[in-house]
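Have a look at the structure below before the remarks.
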Amino acid sequence: MWWFYVYGTESLGSRVPCLFYRKFELGIGIVELLDDTNIVALVGGGDHPAFPTNRVVVWNHASHQPVRQIEYTHEVKSVKLLKYNDTAIILVILLNKAYVYDLRVSQFILQFDITNPHSVGVMFNTQEGPLIVLSTVINGSGQLVFQNFSNPASRGDIIAHKGPIKAIAVCPDGSHVATASEHGTLIRVWETAHFTPIKELRRGSYQAEILSLAINPPLLVSASCRAGVRKCHLFAIASEEAMCVAFPTFIGSLIKFPIN
């Protein structure tokens, strides 16, 4: 039995309200919510997937049925959804390609030819329109590939790390992006207007797996694992100081919220 739950975050008290949930008899590997709607993107997972792992099913919880299905010849690694004006955009990441569609009319918009071993990418709104940021590997180096949804000529790339990028996070207003590589010792912060680096934060001297990143200036949080020890680092971006907290249990991901 597989379940997913959607919770409201307007009131983070002792009880967080569950907005809706769904039960599946077979496995689900990816669940991605479209902002504050009833629309979720689903991809099968586990030994007995509910849907083929090369198919994205866009599910409407209100009607309890799929509204779109997109199928590929290879396994889907990651899915992102974004509301933009009166439409919705879906980003589907495979191992060596990424595709962008206008979800309302099922129209193909963009394609990226990339090598993305960790299937990382983000999509967020800016004043100039939605911005898509993906990772790729060129000659062993981790590069950021970015493009504005509304301007096909805006595509660019920069070398971000010496090795493949393991994690990308964007702050709530889309002004900054944080990245970390497979090595996990350095976290770099970029402003997204021109994709220039503004800060380099050292998590440690030894290699560690970055499990998740969350950024909301002036703070950045990273969850990492090394030799079975899980740690959470809290950085003040304006300084080099970091607070480190060790957790005895697994940390899978960190959720970004506005910090008052």
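Just remember, in the structure tokens the first chain shown is A, the second B, etc., residues are 1-based per chain, and ligands are 1-based in the order shown.
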Who sits within 8 Å of Arg203 in chain A, only C-alpha atoms, same chain under 4 positions skipped, as an mmCIF file with all heavy atoms, in the first residue's frame:
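What ended up in part11.cif:
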data_model
loop_
_atom_site.group_PDB
_atom_site.id
_atom_site.type_symbol
_atom_site.label_atom_id
_atom_site.label_comp_id
_atom_site.auth_asym_id
_atom_site.auth_seq_id
_atom_site.Cartn_x
_atom_site.Cartn_y
_atom_site.Cartn_z
ATOM 1 N N GLY A 184 30.652 17.630 -1.986
ATOM 2 C CA GLY A 184 29.900 18.099 -0.825
ATOM 3 C C GLY A 184 30.639 18.984 0.149
ATOM 4 O O GLY A 184 30.127 19.244 1.246
ATOM 5 N N THR A 185 31.831 19.458 -0.192
ATOM 6 C CA THR A 185 32.571 20.297 0.749
ATOM 7 C C THR A 185 32.208 21.772 0.624
ATOM 8 O O THR A 185 32.254 22.511 1.601
ATOM 9 C CB THR A 185 34.089 20.140 0.557
ATOM 10 O OG1 THR A 185 34.410 20.405 -0.814
ATOM 11 C CG2 THR A 185 34.531 18.730 0.905
ATOM 12 N N LEU A 186 31.844 22.215 -0.585
ATOM 13 C CA LEU A 186 31.541 23.618 -0.824
ATOM 14 C C LEU A 186 30.106 23.786 -1.329
ATOM 15 O O LEU A 186 29.616 22.984 -2.121
ATOM 16 C CB LEU A 186 32.495 24.216 -1.868
ATOM 17 C CG LEU A 186 33.967 24.334 -1.482
ATOM 18 C CD1 LEU A 186 34.778 24.854 -2.661
ATOM 19 C CD2 LEU A 186 34.155 25.251 -0.276
ATOM 20 N N ILE A 187 29.462 24.830 -0.851
ATOM 21 C CA ILE A 187 28.147 25.227 -1.345
ATOM 22 C C ILE A 187 28.295 26.624 -1.930
ATOM 23 O O ILE A 187 28.816 27.528 -1.260
ATOM 24 C CB ILE A 187 27.101 25.226 -0.222
ATOM 25 C CG1 ILE A 187 26.959 23.818 0.365
ATOM 26 C CG2 ILE A 187 25.753 25.720 -0.739
ATOM 27 C CD1 ILE A 187 26.163 23.760 1.638
ATOM 28 N N HIS A 233 23.635 21.710 8.586
ATOM 29 C CA HIS A 233 24.406 22.933 8.726
ATOM 30 C C HIS A 233 23.524 24.138 8.419
ATOM 31 O O HIS A 233 22.841 24.162 7.401
ATOM 32 C CB HIS A 233 25.616 22.946 7.776
ATOM 33 C CG HIS A 233 26.688 21.975 8.139
ATOM 34 N ND1 HIS A 233 26.604 20.636 7.826
ATOM 35 C CD2 HIS A 233 27.872 22.147 8.790
ATOM 36 C CE1 HIS A 233 27.698 20.018 8.258
ATOM 37 N NE2 HIS A 233 28.475 20.912 8.843
#
Spatial neighbours of range 161-165 of chain A, max dist 8 Å, only C-alpha atoms, sep filter under 2 positions, as an MDAnalysis selection string: chainID A and resid 116:118 120 135:137 140:143 159 167:168 179:183
Quick one: of A:Tyr7, A:Trp59, A:Phe195, A:Phe124, who's nearest to Leu42 in chain A, counting only C-alpha atoms? A:Trp59
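Counting only C-alpha atoms, the residue from A:Leu144, A:Cys18, A:Val79, A:Ala178 that sits nearest to Leu219 in chain A is A:Ala178.
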Got a sec: who's within 8 Å of range 169-175 of chain A, counting only C-alpha atoms, leaving out chain neighbours fewer than 6 positions off, as number ranges by chain? A: 122, 124-126, 191-193, 213-217, 256-258
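Residues in contact with range 71-74 of chain A at 8 Å, where only C-alpha atoms are counted and same-chain residues fewer than 5 positions away are skipped, are listed as Asn54, Arg55, Val56 and Leu94 of chain A.
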With only C-alpha atoms as the counted atoms, please give the residues lying no more than 10 Å from Thr196 in chain A, apart from itself and same-chain residues fewer than 6 positions off, as an mmCIF file with C-alpha atoms, in the first residue's frame.
data_model
loop_
_atom_site.group_PDB
_atom_site.id
_atom_site.type_symbol
_atom_site.label_atom_id
_atom_site.label_comp_id
_atom_site.auth_asym_id
_atom_site.auth_seq_id
_atom_site.Cartn_x
_atom_site.Cartn_y
_atom_site.Cartn_z
ATOM 1 C CA ILE A 158 28.355 28.301 -16.462
ATOM 2 C CA HIS A 176 19.291 33.306 -5.453
ATOM 3 C CA VAL A 189 25.347 30.812 -3.891
ATOM 4 C CA TRP A 190 24.446 32.553 -7.168
#
DSSP says strand (DSSP E) for which residues of range 73-260 of chain A? Put them as a ChimeraX atom specification? /A:78-84,87-93,97-102,107-113,121-126,129-138,141-148,151-161,165-170,176-181,186-191,196-202,209-216,219-226,229-236,242-247
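Between CA of Lys97 in chain A and CA of Pro197 in chain A the interatomic distance comes to 25.8 Å.
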Closest of A:Ile70, A:Ile114, A:Leu103, A:Ile132 to Arg155 in chain A - atom-to-atom distances counting only C-alpha atoms: A:Ile132
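Closest to Lys199 in chain A among A:Val221, A:Lys231, A:Gln147, A:Ala238 is A:Ala238, based on only C-alpha atoms.
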